[in-house]
file input.txt (compact mmCIF, N, CA and C atoms)
# COMPACT_ATOMS: atom_id res chain seq x y z
N MET A 1 -12.39 1.82 -64.51
CA MET A 1 -12.22 2.81 -63.46
C MET A 1 -10.75 3.23 -63.33
N LYS A 2 -9.83 2.22 -63.40
CA LYS A 2 -8.40 2.53 -63.31
C LYS A 2 -7.98 3.45 -64.46
N ASN A 3 -8.51 3.17 -65.65
CA ASN A 3 -8.17 3.98 -66.81
C ASN A 3 -8.65 5.42 -66.65
N LEU A 4 -9.83 5.60 -66.07
CA LEU A 4 -10.37 6.92 -65.84
C LEU A 4 -9.49 7.70 -64.85
N ILE A 5 -9.10 7.05 -63.78
CA ILE A 5 -8.22 7.68 -62.78
C ILE A 5 -6.88 8.05 -63.41
N LEU A 6 -6.33 7.15 -64.21
CA LEU A 6 -5.07 7.40 -64.89
C LEU A 6 -5.20 8.58 -65.84
N LEU A 7 -6.27 8.65 -66.58
CA LEU A 7 -6.50 9.75 -67.49
C LEU A 7 -6.60 11.08 -66.74
N ILE A 8 -7.32 11.09 -65.64
CA ILE A 8 -7.44 12.31 -64.83
C ILE A 8 -6.08 12.75 -64.31
N LEU A 9 -5.28 11.80 -63.83
CA LEU A 9 -3.94 12.13 -63.35
C LEU A 9 -3.06 12.71 -64.45
N ILE A 10 -3.12 12.14 -65.63
CA ILE A 10 -2.33 12.64 -66.76
C ILE A 10 -2.73 14.07 -67.10
N VAL A 11 -4.02 14.34 -67.15
CA VAL A 11 -4.50 15.69 -67.45
C VAL A 11 -4.02 16.67 -66.39
N LEU A 12 -4.14 16.31 -65.13
CA LEU A 12 -3.71 17.20 -64.05
C LEU A 12 -2.21 17.45 -64.09
N LEU A 13 -1.42 16.42 -64.32
CA LEU A 13 0.03 16.58 -64.40
C LEU A 13 0.44 17.44 -65.58
N THR A 14 -0.21 17.25 -66.71
CA THR A 14 0.08 18.06 -67.90
C THR A 14 -0.22 19.52 -67.62
N ALA A 15 -1.34 19.79 -67.01
CA ALA A 15 -1.70 21.18 -66.69
C ALA A 15 -0.71 21.77 -65.69
N ALA A 16 -0.29 21.00 -64.72
CA ALA A 16 0.64 21.50 -63.70
C ALA A 16 2.01 21.79 -64.30
N CYS A 17 2.42 21.01 -65.26
CA CYS A 17 3.75 21.18 -65.87
C CYS A 17 3.86 22.47 -66.65
N SER A 18 2.76 22.98 -67.20
CA SER A 18 2.85 24.14 -68.05
C SER A 18 2.59 25.45 -67.31
N LYS A 19 2.19 25.40 -66.08
CA LYS A 19 1.90 26.63 -65.37
C LYS A 19 3.18 27.33 -64.95
N GLN A 20 3.07 28.63 -64.76
CA GLN A 20 4.21 29.40 -64.33
C GLN A 20 4.45 29.15 -62.85
N ASN A 21 5.71 29.05 -62.50
CA ASN A 21 6.08 28.81 -61.12
C ASN A 21 6.64 30.07 -60.50
N LYS A 22 6.34 30.31 -59.25
CA LYS A 22 6.97 31.40 -58.52
C LYS A 22 8.40 30.97 -58.24
N VAL A 23 9.33 31.69 -58.80
CA VAL A 23 10.74 31.33 -58.67
C VAL A 23 11.35 32.15 -57.54
N PRO A 24 11.89 31.49 -56.52
CA PRO A 24 12.52 32.23 -55.43
C PRO A 24 13.69 33.08 -55.94
N SER A 25 13.80 34.30 -55.44
CA SER A 25 14.87 35.20 -55.86
C SER A 25 16.24 34.58 -55.69
N LYS A 26 16.43 33.83 -54.60
CA LYS A 26 17.74 33.21 -54.37
C LYS A 26 18.08 32.20 -55.45
N MET A 27 17.05 31.58 -56.04
CA MET A 27 17.28 30.62 -57.12
C MET A 27 17.76 31.33 -58.38
N ILE A 28 17.21 32.51 -58.64
CA ILE A 28 17.63 33.29 -59.80
C ILE A 28 19.10 33.70 -59.66
N MET A 29 19.51 34.02 -58.45
CA MET A 29 20.87 34.48 -58.20
C MET A 29 21.87 33.34 -58.00
N ASP A 30 21.38 32.14 -57.81
CA ASP A 30 22.24 30.98 -57.54
C ASP A 30 23.04 30.62 -58.78
N ASN A 31 24.36 30.53 -58.62
CA ASN A 31 25.23 30.18 -59.75
C ASN A 31 25.00 28.77 -60.26
N ASN A 32 24.34 27.92 -59.48
CA ASN A 32 24.08 26.56 -59.92
C ASN A 32 22.80 26.43 -60.73
N THR A 33 22.01 27.49 -60.78
CA THR A 33 20.78 27.48 -61.57
C THR A 33 21.09 27.97 -62.98
N VAL A 34 20.60 27.26 -63.97
CA VAL A 34 20.75 27.68 -65.36
C VAL A 34 19.52 28.51 -65.73
N LEU A 35 19.75 29.76 -66.11
CA LEU A 35 18.67 30.64 -66.55
C LEU A 35 18.66 30.65 -68.08
N ILE A 36 17.53 30.30 -68.65
CA ILE A 36 17.43 30.27 -70.11
C ILE A 36 16.30 31.19 -70.56
N ASP A 37 16.67 32.16 -71.38
CA ASP A 37 15.73 33.08 -72.00
C ASP A 37 15.32 32.44 -73.32
N VAL A 38 14.06 32.07 -73.46
CA VAL A 38 13.62 31.36 -74.66
C VAL A 38 13.01 32.29 -75.71
N ARG A 39 13.23 33.60 -75.54
CA ARG A 39 12.75 34.57 -76.52
C ARG A 39 13.68 34.57 -77.74
N THR A 40 13.35 35.37 -78.74
CA THR A 40 14.19 35.49 -79.92
C THR A 40 15.49 36.21 -79.58
N LYS A 41 16.46 36.09 -80.45
CA LYS A 41 17.74 36.76 -80.23
C LYS A 41 17.55 38.28 -80.11
N THR A 42 16.68 38.85 -80.93
CA THR A 42 16.41 40.28 -80.88
C THR A 42 15.83 40.69 -79.53
N GLU A 43 14.88 39.92 -79.04
CA GLU A 43 14.29 40.20 -77.72
C GLU A 43 15.37 40.09 -76.64
N PHE A 44 16.19 39.05 -76.72
CA PHE A 44 17.25 38.84 -75.74
C PHE A 44 18.21 40.03 -75.71
N LEU A 45 18.60 40.50 -76.90
CA LEU A 45 19.54 41.62 -76.98
C LEU A 45 18.95 42.93 -76.47
N SER A 46 17.62 43.02 -76.43
CA SER A 46 16.98 44.24 -75.92
C SER A 46 16.98 44.28 -74.40
N GLY A 47 17.36 43.18 -73.75
CA GLY A 47 17.44 43.11 -72.30
C GLY A 47 17.18 41.70 -71.84
N HIS A 48 17.97 41.25 -70.87
CA HIS A 48 17.82 39.90 -70.34
C HIS A 48 18.35 39.83 -68.92
N LEU A 49 18.04 38.75 -68.23
CA LEU A 49 18.54 38.55 -66.88
C LEU A 49 20.04 38.31 -66.90
N GLU A 50 20.69 38.81 -65.88
CA GLU A 50 22.11 38.55 -65.70
C GLU A 50 22.32 37.03 -65.65
N LYS A 51 23.33 36.54 -66.31
CA LYS A 51 23.68 35.10 -66.37
C LYS A 51 22.79 34.29 -67.30
N ALA A 52 21.78 34.91 -67.93
CA ALA A 52 20.87 34.14 -68.78
C ALA A 52 21.54 33.76 -70.09
N ILE A 53 21.14 32.60 -70.58
CA ILE A 53 21.58 32.09 -71.87
C ILE A 53 20.38 32.16 -72.79
N ASN A 54 20.62 32.56 -74.03
CA ASN A 54 19.52 32.65 -74.99
C ASN A 54 19.44 31.40 -75.84
N ILE A 55 18.33 30.67 -75.69
CA ILE A 55 18.00 29.55 -76.57
C ILE A 55 16.53 29.72 -76.92
N PRO A 56 16.21 30.16 -78.13
CA PRO A 56 14.80 30.29 -78.50
C PRO A 56 14.05 28.98 -78.26
N TYR A 57 12.80 29.09 -77.83
CA TYR A 57 12.05 27.89 -77.45
C TYR A 57 11.96 26.88 -78.58
N THR A 58 12.01 27.34 -79.83
CA THR A 58 11.94 26.42 -80.96
C THR A 58 13.22 25.60 -81.13
N GLU A 59 14.29 25.99 -80.42
CA GLU A 59 15.58 25.31 -80.54
C GLU A 59 16.00 24.60 -79.25
N ILE A 60 15.16 24.63 -78.23
CA ILE A 60 15.55 24.14 -76.91
C ILE A 60 15.94 22.66 -76.92
N GLU A 61 15.21 21.85 -77.64
CA GLU A 61 15.50 20.41 -77.65
C GLU A 61 16.84 20.11 -78.31
N GLU A 62 17.18 20.86 -79.34
CA GLU A 62 18.44 20.63 -80.05
C GLU A 62 19.65 21.18 -79.29
N LYS A 63 19.46 22.24 -78.50
CA LYS A 63 20.60 22.94 -77.91
C LYS A 63 20.81 22.72 -76.42
N ILE A 64 19.86 22.12 -75.71
CA ILE A 64 20.00 21.99 -74.26
C ILE A 64 21.23 21.18 -73.86
N ASN A 65 21.58 20.17 -74.65
CA ASN A 65 22.74 19.34 -74.31
C ASN A 65 24.06 20.11 -74.34
N SER A 66 24.10 21.20 -75.07
CA SER A 66 25.32 22.02 -75.08
C SER A 66 25.44 22.86 -73.81
N ILE A 67 24.33 23.00 -73.09
CA ILE A 67 24.32 23.75 -71.83
C ILE A 67 24.46 22.79 -70.65
N THR A 68 23.65 21.75 -70.61
CA THR A 68 23.73 20.74 -69.55
C THR A 68 23.12 19.42 -70.02
N LYS A 69 23.77 18.35 -69.67
CA LYS A 69 23.23 17.01 -69.94
C LYS A 69 22.68 16.41 -68.65
N ASP A 70 22.87 17.14 -67.54
CA ASP A 70 22.42 16.70 -66.22
C ASP A 70 20.91 16.91 -66.10
N THR A 71 20.16 15.84 -66.11
CA THR A 71 18.69 15.95 -66.05
C THR A 71 18.18 16.37 -64.67
N ASP A 72 19.08 16.44 -63.69
CA ASP A 72 18.72 16.94 -62.35
C ASP A 72 19.06 18.42 -62.18
N GLN A 73 19.67 19.03 -63.19
CA GLN A 73 20.07 20.44 -63.15
C GLN A 73 18.85 21.33 -62.92
N HIS A 74 18.99 22.33 -62.07
CA HIS A 74 17.92 23.31 -61.86
C HIS A 74 17.95 24.29 -63.03
N ILE A 75 16.83 24.39 -63.73
CA ILE A 75 16.71 25.25 -64.90
C ILE A 75 15.49 26.14 -64.73
N VAL A 76 15.67 27.43 -64.97
CA VAL A 76 14.56 28.38 -64.97
C VAL A 76 14.46 28.95 -66.37
N LEU A 77 13.28 28.82 -66.96
CA LEU A 77 13.00 29.32 -68.29
C LEU A 77 12.13 30.56 -68.19
N TYR A 78 12.33 31.51 -69.09
CA TYR A 78 11.43 32.67 -69.12
C TYR A 78 11.34 33.22 -70.54
N CYS A 79 10.29 34.02 -70.75
CA CYS A 79 10.08 34.67 -72.05
C CYS A 79 9.37 36.00 -71.79
N ARG A 80 8.53 36.43 -72.71
CA ARG A 80 7.82 37.69 -72.52
C ARG A 80 6.61 37.54 -71.60
N SER A 81 5.89 36.42 -71.75
CA SER A 81 4.66 36.26 -70.97
C SER A 81 4.59 34.96 -70.17
N GLY A 82 5.39 33.98 -70.54
CA GLY A 82 5.34 32.67 -69.89
C GLY A 82 4.83 31.57 -70.81
N ARG A 83 4.26 31.95 -71.95
CA ARG A 83 3.73 30.95 -72.88
C ARG A 83 4.84 30.14 -73.55
N ARG A 84 5.83 30.82 -74.12
CA ARG A 84 6.92 30.11 -74.79
C ARG A 84 7.77 29.33 -73.79
N SER A 85 7.97 29.89 -72.61
CA SER A 85 8.75 29.16 -71.60
C SER A 85 7.98 27.93 -71.13
N GLY A 86 6.66 27.98 -71.15
CA GLY A 86 5.85 26.80 -70.83
C GLY A 86 6.02 25.70 -71.87
N ILE A 87 6.07 26.09 -73.13
CA ILE A 87 6.29 25.12 -74.20
C ILE A 87 7.67 24.49 -74.06
N ALA A 88 8.67 25.32 -73.78
CA ALA A 88 10.04 24.82 -73.60
C ALA A 88 10.13 23.91 -72.37
N GLN A 89 9.43 24.26 -71.31
CA GLN A 89 9.41 23.44 -70.09
C GLN A 89 8.87 22.05 -70.40
N LYS A 90 7.76 21.98 -71.11
CA LYS A 90 7.18 20.69 -71.47
C LYS A 90 8.15 19.86 -72.30
N ALA A 91 8.84 20.51 -73.24
CA ALA A 91 9.79 19.79 -74.09
C ALA A 91 10.93 19.22 -73.27
N LEU A 92 11.48 20.02 -72.34
CA LEU A 92 12.59 19.54 -71.51
C LEU A 92 12.15 18.42 -70.57
N MET A 93 10.97 18.56 -70.00
CA MET A 93 10.47 17.51 -69.11
C MET A 93 10.23 16.21 -69.88
N LYS A 94 9.76 16.34 -71.10
CA LYS A 94 9.58 15.16 -71.95
C LYS A 94 10.92 14.48 -72.23
N MET A 95 11.99 15.28 -72.26
CA MET A 95 13.34 14.75 -72.49
C MET A 95 13.95 14.16 -71.22
N GLY A 96 13.26 14.31 -70.08
CA GLY A 96 13.73 13.72 -68.84
C GLY A 96 14.31 14.70 -67.83
N TYR A 97 14.32 15.99 -68.15
CA TYR A 97 14.79 16.98 -67.18
C TYR A 97 13.74 17.12 -66.09
N LYS A 98 14.18 17.07 -64.84
CA LYS A 98 13.23 16.99 -63.72
C LYS A 98 13.01 18.31 -62.98
N ASN A 99 13.98 19.19 -63.00
CA ASN A 99 13.93 20.41 -62.19
C ASN A 99 13.84 21.65 -63.08
N VAL A 100 12.80 21.70 -63.89
CA VAL A 100 12.61 22.79 -64.84
C VAL A 100 11.43 23.63 -64.40
N LEU A 101 11.67 24.91 -64.21
CA LEU A 101 10.60 25.83 -63.81
C LEU A 101 10.29 26.81 -64.93
N ASN A 102 9.02 27.06 -65.14
CA ASN A 102 8.58 28.12 -66.03
C ASN A 102 8.53 29.37 -65.18
N GLY A 103 9.53 30.22 -65.32
CA GLY A 103 9.61 31.43 -64.52
C GLY A 103 8.66 32.52 -64.96
N GLY A 104 8.03 32.34 -66.12
CA GLY A 104 7.08 33.34 -66.60
C GLY A 104 7.75 34.44 -67.39
N SER A 105 7.39 35.67 -67.05
CA SER A 105 7.83 36.80 -67.86
C SER A 105 9.15 37.41 -67.40
N TYR A 106 9.87 37.90 -68.38
CA TYR A 106 11.13 38.61 -68.13
C TYR A 106 10.90 39.79 -67.19
N LYS A 107 9.84 40.55 -67.42
CA LYS A 107 9.58 41.74 -66.60
C LYS A 107 9.39 41.38 -65.13
N ASP A 108 8.68 40.28 -64.86
CA ASP A 108 8.48 39.87 -63.47
C ASP A 108 9.79 39.40 -62.83
N LEU A 109 10.57 38.65 -63.58
CA LEU A 109 11.82 38.12 -63.02
C LEU A 109 12.88 39.20 -62.83
N ILE A 110 12.92 40.18 -63.71
CA ILE A 110 13.91 41.26 -63.57
C ILE A 110 13.63 42.06 -62.30
N LYS A 111 12.35 42.20 -61.94
CA LYS A 111 11.99 42.87 -60.69
C LYS A 111 12.51 42.08 -59.50
N GLN A 112 12.36 40.75 -59.55
CA GLN A 112 12.85 39.90 -58.47
C GLN A 112 14.38 39.95 -58.38
N GLN A 113 15.04 39.92 -59.52
CA GLN A 113 16.51 39.89 -59.53
C GLN A 113 17.09 41.16 -58.95
N SER A 114 16.39 42.28 -59.11
CA SER A 114 16.92 43.54 -58.62
C SER A 114 16.65 43.77 -57.14
N LYS A 115 15.89 42.88 -56.50
CA LYS A 115 15.58 43.02 -55.07
C LYS A 115 16.74 42.58 -54.22
call {"tool": "encode", "arguments": {"input": "input.txt", "output": "structure tokens"}}
result
Amino acid sequence: MKNLILLILIVLLTAACSKQNKVPSKMIMDNNTVLIDVRTKTEFLSGHLEKAINIPYTEIEEKINSITKDTDQHIVLYCRSGRRSGIAQKALMKMGYKNVLNGGSYKDLIKQQSK
């Protein structure tokens, strides 16, 4: 019974970790929040959030330490739809980062940033 409960909790936590989070506008504008665009360099150059750093999701594990080693750092990830940022979120959380949000799509966040 304990194993079944543990398995259910793991499944629920895994599902919760990959979902897109509603990111408060003030968090996007906060200088203490690290904004990471996990799209390709070409996508990033076609438009990105102010203050965003480009680290493609396939490189996030290798490059995050050059941005922050603080596992309590507030990090917002985004991409075109939220899928790649979800993958990057899972990778960072597996590395021990605790405050990582999947912000979803660039288009949605740019609307929030301009408000």
call {"tool": "residues_around", "arguments": {"input": "input.txt", "residues": "Tyr97 in chain A", "least_positions_apart": "6", "cutoff": "8 Å", "atoms": "only C-alpha atoms", "output": "MDAnalysis selection string"}}
result
chainID A and resid 70:73
call {"tool": "closest_residue", "arguments": {"input": "input.txt", "among": "A:Leu45, A:Arg83, A:Ala88, A:Tyr78", "to": "Ser105 in chain A", "atoms": "only C-alpha atoms"}}
result
A:Tyr78
call {"tool": "atom_distance", "arguments": {"input": "input.txt", "atom1": "CA of Lys63 in chain A", "atom2": "CA of Lys90 in chain A"}}
result
15.1 Å
call {"tool": "atom_distance", "arguments": {"input": "input.txt", "atom1": "atom N of Gly104 in chain A", "atom2": "atom C of Lys22 in chain A"}}
result
8.0 Å
call {"tool": "residues_near_point", "arguments": {"input": "input.txt", "point": "(17.7, 22.2, -61.6)", "cutoff": "7 Å", "atoms": "all atoms listed in the file", "output": "PyMOL selection string"}}
result
chain A and resi 32-34+71-76+98-100
call {"tool": "select_by_dssp", "arguments": {"input": "input.txt", "residues": "range 82-112 of chain A", "states": "helix (DSSP H, G or I)", "output": "short mmCIF file (atom, residue, chain, number, x, y, z; two decimals) with N, CA and C atoms, in the coordinates of the input"}}
result
data_model
loop_
_atom_site.label_atom_id
_atom_site.label_comp_id
_atom_site.auth_asym_id
_atom_site.auth_seq_id
_atom_site.Cartn_x
_atom_site.Cartn_y
_atom_site.Cartn_z
N ARG A 83 4.26 31.95 -71.95
CA ARG A 83 3.73 30.95 -72.88
C ARG A 83 4.84 30.14 -73.55
N ARG A 84 5.83 30.82 -74.12
CA ARG A 84 6.92 30.11 -74.79
C ARG A 84 7.77 29.33 -73.79
N SER A 85 7.97 29.89 -72.61
CA SER A 85 8.75 29.16 -71.60
C SER A 85 7.98 27.93 -71.13
N GLY A 86 6.66 27.98 -71.15
CA GLY A 86 5.85 26.80 -70.83
C GLY A 86 6.02 25.70 -71.87
N ILE A 87 6.07 26.09 -73.13
CA ILE A 87 6.29 25.12 -74.20
C ILE A 87 7.67 24.49 -74.06
N ALA A 88 8.67 25.32 -73.78
CA ALA A 88 10.04 24.82 -73.60
C ALA A 88 10.13 23.91 -72.37
N GLN A 89 9.43 24.26 -71.31
CA GLN A 89 9.41 23.44 -70.09
C GLN A 89 8.87 22.05 -70.40
N LYS A 90 7.76 21.98 -71.11
CA LYS A 90 7.18 20.69 -71.47
C LYS A 90 8.15 19.86 -72.30
N ALA A 91 8.84 20.51 -73.24
CA ALA A 91 9.79 19.79 -74.09
C ALA A 91 10.93 19.22 -73.27
N LEU A 92 11.48 20.02 -72.34
CA LEU A 92 12.59 19.54 -71.51
C LEU A 92 12.15 18.42 -70.57
N MET A 93 10.97 18.56 -70.00
CA MET A 93 10.47 17.51 -69.11
C MET A 93 10.23 16.21 -69.88
N LYS A 94 9.76 16.34 -71.10
CA LYS A 94 9.58 15.16 -71.95
C LYS A 94 10.92 14.48 -72.23
N TYR A 106 9.87 37.90 -68.38
CA TYR A 106 11.13 38.61 -68.13
C TYR A 106 10.90 39.79 -67.19
N LYS A 107 9.84 40.55 -67.42
CA LYS A 107 9.58 41.74 -66.60
C LYS A 107 9.39 41.38 -65.13
N ASP A 108 8.68 40.28 -64.86
CA ASP A 108 8.48 39.87 -63.47
C ASP A 108 9.79 39.40 -62.83
N LEU A 109 10.57 38.65 -63.58
CA LEU A 109 11.82 38.12 -63.02
C LEU A 109 12.88 39.20 -62.83
N ILE A 110 12.92 40.18 -63.71
CA ILE A 110 13.91 41.26 -63.57
C ILE A 110 13.63 42.06 -62.30
N LYS A 111 12.35 42.20 -61.94
CA LYS A 111 11.99 42.87 -60.69
C LYS A 111 12.51 42.08 -59.50
N GLN A 112 12.36 40.75 -59.55
CA GLN A 112 12.85 39.90 -58.47
C GLN A 112 14.38 39.95 -58.38
#
call {"tool": "residues_around", "arguments": {"input": "input.txt", "residues": "Ile36 in chain A", "least_positions_apart": "3", "cutoff": "8 Å", "atoms": "only N, CA and C atoms", "output": "list in words"}}
result
Thr33, Arg39, Lys51, Ala52, Ile53, Asn54, Ile55, Pro56, Ile75, Val76, Leu77, Tyr78, Cys79 and Ser85 of chain A
call {"tool": "residues_around", "arguments": {"input": "input.txt", "residues": "range 110-115 of chain A", "least_positions_apart": "4", "cutoff": "6.5 Å", "atoms": "only N, CA and C atoms", "output": "JSON, numbers by chain"}}
result
{"A": [25, 49, 105, 106]}
call {"tool": "atom_distance", "arguments": {"input": "input.txt", "atom1": "CA of Gly103 in chain A", "atom2": "CA of Met29 in chain A"}}
result
13.3 Å
call {"tool": "select_by_dssp", "arguments": {"input": "input.txt", "residues": "chain A", "states": "strand (DSSP E or B)", "output": "list in words"}}
result
Val34, Leu35, Ile36, Asp37, Ile53, Asn54, Ile75, Val76, Leu77, Tyr78, Cys79, Val100, Leu101, Asn102, Gly103, Gly104 and Ser105 of chain A
